[in-house]
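One file, coords-v8.txt, is given below (compact mmCIF, C-alpha atoms and all ligand atoms).
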```txt
# COMPACT_ATOMS: atom_id res chain seq x y z
CA MET A 117 0.00 0.00 0.00
CA TYR A 118 1.16 3.54 -0.77
CA ARG A 119 1.05 5.93 2.20
CA ILE A 120 1.43 9.58 1.22
CA ARG A 121 1.20 12.58 3.52
CA PHE A 122 0.75 16.20 2.35
CA HIS A 123 1.70 19.14 4.58
CA GLY A 124 0.65 22.73 4.03
CA ARG A 125 -1.21 25.62 5.57
CA GLY A 126 -4.92 26.22 5.56
CA GLY A 127 -5.71 27.92 2.25
CA GLN A 128 -2.93 26.28 0.20
CA GLY A 129 -5.05 23.49 -1.25
CA MET A 130 -3.59 20.44 0.49
CA LYS A 131 -7.02 18.91 0.97
CA THR A 132 -7.57 19.30 -2.77
CA ALA A 133 -4.12 17.87 -3.50
CA GLY A 134 -5.03 14.75 -1.51
CA ARG A 135 -8.33 14.44 -3.33
CA ILE A 136 -6.72 14.82 -6.76
CA LEU A 137 -4.07 12.20 -5.99
CA GLY A 138 -6.67 9.91 -4.39
CA SER A 139 -8.93 10.16 -7.45
CA ALA A 140 -6.00 9.50 -9.78
CA PHE A 141 -5.12 6.32 -7.86
CA PHE A 142 -8.79 5.29 -7.93
CA LEU A 143 -9.00 5.81 -11.70
CA GLU A 144 -5.96 3.54 -12.04
CA GLY A 145 -7.82 0.78 -10.20
CA PHE A 146 -6.58 1.21 -6.63
CA GLU A 147 -8.57 1.10 -3.41
CA VAL A 148 -8.19 4.56 -1.93
CA GLN A 149 -8.54 6.54 1.28
CA ASP A 150 -7.94 10.27 1.40
CA SER A 151 -8.58 12.42 4.40
CA PRO A 152 -7.45 15.88 5.48
CA ARG A 153 -6.74 16.61 9.12
CA TYR A 154 -7.12 20.06 10.61
CA GLY A 155 -8.63 21.86 13.55
CA ALA A 156 -10.95 24.80 13.81
CA GLU A 157 -8.26 27.32 13.04
CA ARG A 158 -8.08 29.89 10.31
CA ARG A 159 -6.10 29.88 7.09
CA GLY A 160 -2.37 29.75 7.68
CA ALA A 161 -2.57 27.04 10.34
CA PRO A 162 -0.60 23.84 9.62
CA LEU A 163 -2.67 20.96 8.27
CA THR A 164 -2.07 17.56 6.73
CA SER A 165 -3.85 15.42 4.23
CA ALA A 166 -3.29 11.68 3.97
CA VAL A 167 -3.68 9.38 0.97
CA ARG A 168 -3.56 5.59 1.16
CA ALA A 169 -3.79 3.55 -2.02
CA GLY A 170 -3.76 -0.24 -2.05
CA ARG A 171 -4.45 -3.15 -4.36
CA SER A 172 -6.85 -4.71 -1.86
CA PRO A 173 -9.31 -3.25 0.68
CA ILE A 174 -7.68 -0.87 3.14
CA TYR A 175 -8.37 -1.53 6.80
CA GLU A 176 -5.79 0.85 8.20
CA ARG A 177 -7.22 4.10 9.61
CA GLY A 178 -6.02 7.33 11.13
CA ILE A 179 -2.96 9.43 10.51
CA ILE A 180 -0.06 8.03 8.51
CA LEU A 181 2.79 7.33 10.90
CA LYS A 182 5.29 5.83 8.44
CA PRO A 183 4.85 7.56 5.09
CA ASP A 184 6.40 6.38 1.82
CA LEU A 185 6.24 9.95 0.52
CA ILE A 186 5.94 13.33 2.25
CA VAL A 187 4.89 16.35 0.19
CA VAL A 188 5.43 19.81 1.67
CA ALA A 189 3.71 22.75 -0.01
CA ASP A 190 5.20 25.40 2.26
CA ASP A 191 8.86 25.12 3.27
CA THR A 192 8.35 27.44 6.27
CA LEU A 193 6.53 24.52 7.94
CA VAL A 194 9.54 22.20 7.98
CA PRO A 195 11.11 23.68 11.15
CA VAL A 196 7.75 24.05 12.96
CA PRO A 197 7.51 21.13 15.43
CA ALA A 198 3.72 21.39 15.67
CA ALA A 199 3.42 20.77 11.92
CA GLY A 200 5.05 17.31 12.30
CA VAL A 201 6.45 17.35 8.76
CA LEU A 202 9.23 14.87 9.52
CA GLN A 203 7.16 12.60 11.73
CA GLY A 204 7.95 8.94 10.96
CA VAL A 205 10.49 9.76 8.24
CA GLU A 206 12.83 6.86 7.39
CA ASP A 207 15.72 6.53 4.91
CA ARG A 208 13.28 4.99 2.41
CA THR A 209 10.81 7.90 2.67
CA ALA A 210 10.91 10.27 -0.31
CA ILE A 211 10.26 13.96 0.30
CA ILE A 212 9.03 16.67 -2.07
CA ILE A 213 9.36 20.28 -0.88
CA ASP A 214 7.96 23.27 -2.74
CA SER A 215 10.93 25.52 -2.11
CA ASP A 216 13.58 27.65 -3.76
CA ILE A 217 16.21 26.25 -1.37
CA ASN A 218 18.16 23.51 -3.15
CA GLU A 219 18.28 19.83 -2.24
CA PRO A 220 21.86 19.71 -0.81
CA GLU A 221 20.96 22.61 1.46
CA TRP A 222 17.89 20.74 2.72
CA HIS A 223 20.01 17.65 3.40
CA GLN A 224 22.44 19.80 5.30
CA ARG A 225 19.65 21.38 7.36
CA LEU A 226 17.67 18.24 8.10
CA GLN A 227 20.51 15.72 8.42
CA ILE A 228 18.45 12.89 6.96
CA ASN A 229 19.25 10.32 4.27
CA SER A 230 15.90 10.44 2.50
CA VAL A 231 15.77 11.47 -1.15
CA ILE A 232 14.59 15.09 -1.33
CA HIS A 233 13.11 16.70 -4.44
CA THR A 234 12.39 20.41 -4.62
CA LEU A 235 9.83 22.15 -6.77
CA PRO A 236 10.24 25.81 -7.68
CA ALA A 237 8.27 27.86 -5.15
CA PRO A 238 6.21 30.72 -6.57
CA LYS A 239 7.78 34.07 -5.71
CA ASP A 240 6.16 37.25 -4.38
CA LEU A 241 2.96 35.53 -3.39
CA ASP A 242 0.98 35.41 -0.18
CA ARG A 243 2.21 32.04 1.04
CA ALA A 244 -1.07 31.43 2.84
CA GLU A 245 -2.78 31.24 -0.54
CA MET A 246 -0.31 30.08 -3.12
CA PRO A 247 -2.51 29.53 -6.12
CA TYR A 248 -2.43 26.07 -7.65
CA VAL A 249 0.36 24.74 -5.43
CA GLY A 250 -1.91 21.85 -4.43
CA SER A 251 -2.21 20.71 -8.03
CA LEU A 252 1.54 21.08 -8.56
CA CYS A 253 2.21 18.89 -5.51
CA ALA A 254 -0.39 16.30 -6.51
CA GLY A 255 1.15 16.04 -9.99
CA ALA A 256 4.67 15.64 -8.63
CA ALA A 257 3.54 12.98 -6.15
CA ALA A 258 1.67 11.10 -8.88
CA ARG A 259 4.83 10.91 -11.01
CA LEU A 260 6.93 9.52 -8.18
CA THR A 261 4.52 6.63 -7.65
CA GLY A 262 4.98 5.55 -11.26
CA VAL A 263 1.49 4.02 -11.40
CA ILE A 264 -0.48 7.08 -12.52
CA SER A 265 -0.47 8.22 -16.15
CA ARG A 266 -0.51 11.81 -17.35
CA ALA A 267 -4.00 11.34 -18.83
CA THR A 268 -5.31 9.90 -15.56
CA LEU A 269 -3.90 12.81 -13.60
CA GLU A 270 -5.63 15.27 -15.91
CA GLN A 271 -8.89 13.36 -15.57
CA ALA A 272 -8.58 13.42 -11.76
CA VAL A 273 -8.12 17.21 -11.71
CA LEU A 274 -11.17 17.58 -13.96
CA GLU A 275 -13.29 15.39 -11.69
CA GLU A 276 -12.24 17.09 -8.48
CA LEU A 277 -12.55 20.66 -9.74
CA HIS A 278 -15.49 20.35 -12.12
CA GLU A 279 -17.52 22.92 -10.16
CA PHE A 280 -14.96 25.67 -10.80
CA LYS A 281 -14.88 27.92 -13.84
CA GLU A 282 -13.03 26.74 -16.90
CA SER A 283 -10.01 29.03 -16.51
CA VAL A 284 -9.38 27.76 -12.95
CA ILE A 285 -9.63 24.14 -14.08
CA GLU A 286 -7.25 24.76 -16.97
CA GLU A 287 -4.72 26.50 -14.73
CA ASN A 288 -4.85 23.62 -12.24
CA ILE A 289 -4.40 21.04 -14.98
CA GLU A 290 -1.39 22.94 -16.28
CA ARG A 291 0.16 23.10 -12.82
CA ALA A 292 -0.53 19.42 -12.10
CA LEU A 293 1.04 18.35 -15.39
CA ASN A 294 3.95 20.70 -14.73
CA GLY A 295 4.60 18.93 -11.39
CA PHE A 296 4.22 15.55 -13.15
CA ASP A 297 6.79 16.51 -15.84
CA LEU A 298 9.27 18.09 -13.41
CA LEU A 299 9.90 14.77 -11.67
CA ALA A 300 9.95 12.61 -14.82
CA ASP A 301 13.47 11.38 -14.06
CA TYR A 302 12.30 9.92 -10.74
CA GLU A 303 9.19 8.07 -11.93
CA GLY A 304 8.40 5.05 -9.79
CA THR A 305 10.98 5.80 -7.12
CA VAL A 306 8.41 5.80 -4.30
CA ILE A 307 8.04 2.19 -3.24
CA GLU A 308 4.87 1.04 -1.55
CA ASN A 309 5.54 -0.48 1.83
CA THR A 310 4.32 -3.90 2.84
CA ASP A 311 1.29 -3.96 5.10
CA PRO A 312 1.90 -4.90 8.74
CA THR A 313 0.67 -8.40 9.53
CA ALA A 314 -0.91 -9.78 12.67
CA LEU A 315 2.05 -12.19 12.93
CA ASN A 316 4.55 -9.53 13.93
CA TYR A 317 2.05 -7.41 15.85
CA GLN A 318 3.61 -5.90 18.95
CA PRO A 319 1.07 -5.12 21.66
CA PRO A 320 1.48 -1.65 23.15
CA GLN A 321 2.96 -1.18 26.58
CA TRP A 322 -0.17 -0.53 28.63
CA ILE A 323 -0.05 2.04 31.37
CA ASP A 324 -2.70 1.97 34.06
CA LEU A 325 -4.12 5.41 34.76
CA PRO A 326 -6.11 5.48 38.00
CA ASN A 327 -9.32 7.53 38.03
CA GLU A 328 -8.97 11.08 39.29
CA SER A 329 -11.05 12.28 42.18
CA VAL A 330 -14.38 13.76 41.09
CA ASN A 331 -13.47 17.37 41.89
CA LEU A 332 -10.52 17.15 39.47
CA ALA A 333 -12.09 15.02 36.74
CA GLY A 334 -15.33 17.06 36.62
CA PRO A 335 -16.09 19.36 33.70
CA ALA A 336 -15.13 22.59 35.51
CA VAL A 337 -11.95 24.09 34.07
CA HIS A 338 -9.67 25.08 36.93
CA GLY A 339 -6.62 26.33 35.03
CA GLY A 340 -7.13 29.48 32.95
CA ALA A 341 -5.09 31.06 30.15
CA THR A 342 -3.31 27.83 29.23
CA SER A 343 -3.35 28.82 25.55
CA VAL A 344 -0.55 31.25 26.30
CA GLU A 345 1.73 28.22 26.03
CA VAL A 346 0.69 27.67 22.40
CA ARG A 347 2.80 30.00 20.30
CA THR A 348 0.44 30.48 17.39
CA GLY A 349 2.72 33.21 16.06
CA LEU A 350 4.47 30.39 14.18
CA TRP A 351 1.46 30.16 11.89
CA ARG A 352 1.84 33.74 10.70
CA THR A 353 2.75 34.25 7.06
CA MET A 354 2.00 38.00 7.00
CA ARG A 355 2.97 40.36 9.84
CA PRO A 356 0.88 43.38 10.96
CA ILE A 357 3.01 46.36 11.96
CA ILE A 358 1.56 49.33 13.82
CA GLU A 359 2.80 52.65 12.44
CA LEU A 360 2.79 54.71 15.63
CA ASP A 361 3.06 57.99 13.67
CA HIS A 362 -0.39 57.37 12.26
CA CYS A 363 -1.96 55.66 15.26
CA ASN A 364 -4.56 57.69 17.13
CA LYS A 365 -4.60 55.41 20.19
CA CYS A 366 -8.14 54.06 19.69
CA THR A 367 -6.94 50.75 21.10
CA TRP A 368 -10.46 49.60 21.87
CA VAL A 369 -10.81 49.09 18.09
CA CYS A 370 -7.83 46.89 17.20
CA GLY A 371 -7.64 45.42 20.72
CA SER A 372 -11.29 44.32 20.63
CA PHE A 373 -11.26 42.97 17.11
CA CYS A 374 -8.13 40.83 17.59
CA PRO A 375 -9.57 37.32 18.04
CA ASP A 376 -6.52 36.22 20.01
CA SER A 377 -6.22 39.12 22.44
CA ALA A 378 -2.74 39.64 21.04
CA ILE A 379 -2.95 43.44 21.21
CA SER A 380 -2.35 45.13 24.53
CA VAL A 381 -1.86 48.79 25.47
CA ASP A 382 1.54 50.12 26.44
CA PRO A 383 2.05 52.72 29.23
CA ASP A 384 1.82 55.55 26.66
CA GLY A 385 -1.56 54.36 25.45
CA PHE A 386 -0.31 52.88 22.16
CA PRO A 387 -1.30 49.40 21.03
CA GLU A 388 1.36 46.70 21.16
CA ILE A 389 1.24 43.36 19.31
CA ASP A 390 2.34 40.15 21.01
CA TYR A 391 3.99 38.43 18.04
CA ASP A 392 4.29 35.12 19.92
CA HIS A 393 0.51 34.83 19.72
CA CYS A 394 -0.49 36.97 16.73
CA LYS A 395 -1.63 34.47 14.05
CA GLY A 396 -1.52 37.00 11.24
CA CYS A 397 -5.26 37.01 10.47
CA LEU A 398 -4.93 40.74 9.68
CA ILE A 399 -8.35 41.61 11.08
CA CYS A 400 -6.67 44.46 13.00
CA ALA A 401 -5.30 45.92 9.77
CA ALA A 402 -8.71 45.75 8.14
CA GLN A 403 -10.45 47.44 11.08
CA CYS A 404 -7.97 50.20 11.97
CA PRO A 405 -9.81 53.48 11.13
CA PRO A 406 -6.76 55.54 10.02
CA HIS A 407 -5.05 52.55 8.32
CA ALA A 408 -2.17 52.74 10.77
CA ILE A 409 -1.41 49.01 10.55
CA SER A 410 0.71 47.98 7.59
CA VAL A 411 1.31 44.38 6.50
CA ILE A 412 4.52 42.78 5.26
CA PRO A 413 5.42 39.16 4.45
CA GLU A 414 6.75 37.39 7.54
CA ARG A 415 9.85 36.28 5.67
CA ASP A 416 10.76 39.93 4.94
CA SER A 417 10.34 40.86 8.60
CA ILE A 418 12.71 38.06 9.66
CA GLU A 419 15.28 39.27 7.11
CA LYS A 420 14.89 42.82 8.44
CA GLU A 421 15.47 41.65 12.01
CA GLU A 422 18.57 39.68 10.97
CA ALA A 423 20.02 42.60 8.95
S1 LIG B 1 -7.10 50.77 15.62
FE1 LIG B 1 -5.37 51.62 14.50
S2 LIG B 1 -5.28 53.75 15.12
FE2 LIG B 1 -6.57 52.69 16.61
S3 LIG B 1 -5.11 52.10 18.22
FE3 LIG B 1 -5.25 50.37 16.84
S4 LIG B 1 -3.54 50.71 15.43
FE4 LIG B 1 -3.88 52.64 16.46
S1 LIG B 2 -3.15 39.95 12.83
FE1 LIG B 2 -3.95 41.48 14.22
S2 LIG B 2 -6.02 40.75 14.73
FE2 LIG B 2 -4.92 39.00 13.85
S3 LIG B 2 -4.01 37.90 15.58
FE3 LIG B 2 -2.46 39.37 14.88
S4 LIG B 2 -2.77 41.19 16.10
FE4 LIG B 2 -4.62 39.96 16.32
```

Entire entry expressed as structure tokens:
Amino acid sequence: MYRIRFHGRGGQGMKTAGRILGSAFFLEGFEVQDSPRYGAERRGAPLTSAVRAGRSPIYERGIILKPDLIVVADDTLVPVPAAGVLQGVEDRTAIIIDSDINEPEWHQRLQINSVIHTLPAPKDLDRAEMPYVGSLCAGAAARLTGVISRATLEQAVLEELHEFKESVIEENIERALNGFDLLADYEGTVIENTDPTALNYQPPQWIDLPNESVNLAGPAVHGGATSVEVRTGLWRTMRPIIELDHCNKCTWVCGSFCPDSAISVDPDGFPEIDYDHCKGCLICAAQCPPHAISVIPERDSIEKEEA
């Protein structure tokens, strides 16, 4: 069975990528499972999509722990532990990264023996919504399996996106075929792993957890503000910056609209953004009456800080 895991951010089309690849496998006669996994968060949050394709009924469920292929649509996710991009990676696992950093550099950074392929990342785009990157990734993944033809891939894109207007479908087909052609030299290099059998099943090490007393196990939440430990600033792809010269100190506006309470008021009455917890939803920028909040790509702000 093939086990393929896509990683991206909400809004980058990873769910669609999984569906396109799943449909392509299905059209080639495979049994297929495809399922995205994400929480209730907004666009920009890390998410995964899993595709299993087998030649007999698939009984395995849940997240893919030992993938044959990992596809990463957004290279900024690789160092984010919460995204789990490298979870279960083995020497035999192939990796595709949509990135303008080259393959030797990725090997140097990750210190792994897996084969890494890079796809050219689109430049000057909002990385939270890179158009068509899902189709590009699906096409590249299809080529590495070696069991999906170009015509089948095109048919799968058509089936999955038939509700969209013609120009969008055409653009997605072009991107999918582009991904398929880019990895032509590596066709069939992803090898499906054997299914685990009941014969070598290892039972888990059970741990007995005694019941808590009722006053602790009851539904009342005793510990407040625990979300402060979750640094959702890692999800941010665009950074809001308050231009104090233009700010008129109406902090009840930006402070109230921020869904994460990431804007506080400094001793001089100016708003201050907590970048550890600002997710980059940009609601503050949209609501600020004098347009005193500008927005720059997160990558540029990191470069500015390092300069
Ligand atoms: S809404 Fe805009 S002008 Fe008002 S305090 Fe916030 S940043 Fe300043
Ligand atoms: S972008 Fe603005 S509104 Fe959104 S989380 Fe950050 S500070 Fe709050």

For a cutoff of 12 Å around the file-coordinate point (1.5, 17.6, 15.3), which residues qualify once you count only C-alpha atoms? I'd like the result as JSON, numbers by chain.
{"A": [123, 153, 154, 155, 161, 162, 163, 164, 179, 180, 181, 193, 194, 196, 197, 198, 199, 200, 201, 202, 203, 204]}

For ligand LIG 1 (chain B), list the contacting residues at 6 Å or closer, counting all atoms listed in the file, as a short mmCIF file (atom, residue, chain, number, x, y, z; two decimals) with C-alpha atoms, in the coordinates of the input.
```cif
data_model
loop_
_atom_site.label_atom_id
_atom_site.label_comp_id
_atom_site.auth_asym_id
_atom_site.auth_seq_id
_atom_site.Cartn_x
_atom_site.Cartn_y
_atom_site.Cartn_z
CA ILE A 358 1.56 49.33 13.82
CA CYS A 363 -1.96 55.66 15.26
CA ASN A 364 -4.56 57.69 17.13
CA LYS A 365 -4.60 55.41 20.19
CA CYS A 366 -8.14 54.06 19.69
CA THR A 367 -6.94 50.75 21.10
CA VAL A 369 -10.81 49.09 18.09
CA CYS A 370 -7.83 46.89 17.20
CA PRO A 387 -1.30 49.40 21.03
CA CYS A 404 -7.97 50.20 11.97
CA PRO A 405 -9.81 53.48 11.13
CA PRO A 406 -6.76 55.54 10.02
CA ALA A 408 -2.17 52.74 10.77
CA ILE A 409 -1.41 49.01 10.55
#
```

CA of Gly304 in chain A to CA of Val231 in chain A: how many Å, to one decimal?
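Going from CA of Gly304 in chain A over to CA of Val231 in chain A, I get 13.0 Å.
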
Check which residues fall inside 6 Å of ligand LIG 2 (chain B) when counting all atoms listed in the file, and print them as number ranges by chain.
A: 356, 374-376, 378-379, 389, 394-400

Could you check which of A:Ile136, A:Asn229, A:Pro326, A:Pro236 is closest to Ile289 in chain A, using only C-alpha atoms?
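Under the stated criterion, the closest residue is A:Ile136.
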
With only C-alpha atoms as the atoms that count, which of A:Arg415, A:Arg208, A:Arg119, A:Lys131 lies nearest to Ala254 in chain A?
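The closest residue to Ala254 in chain A is A:Lys131.
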
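In this model, the gap between CA of His223 in chain A and CA of Met354 in chain A comes to 27.4 Å.
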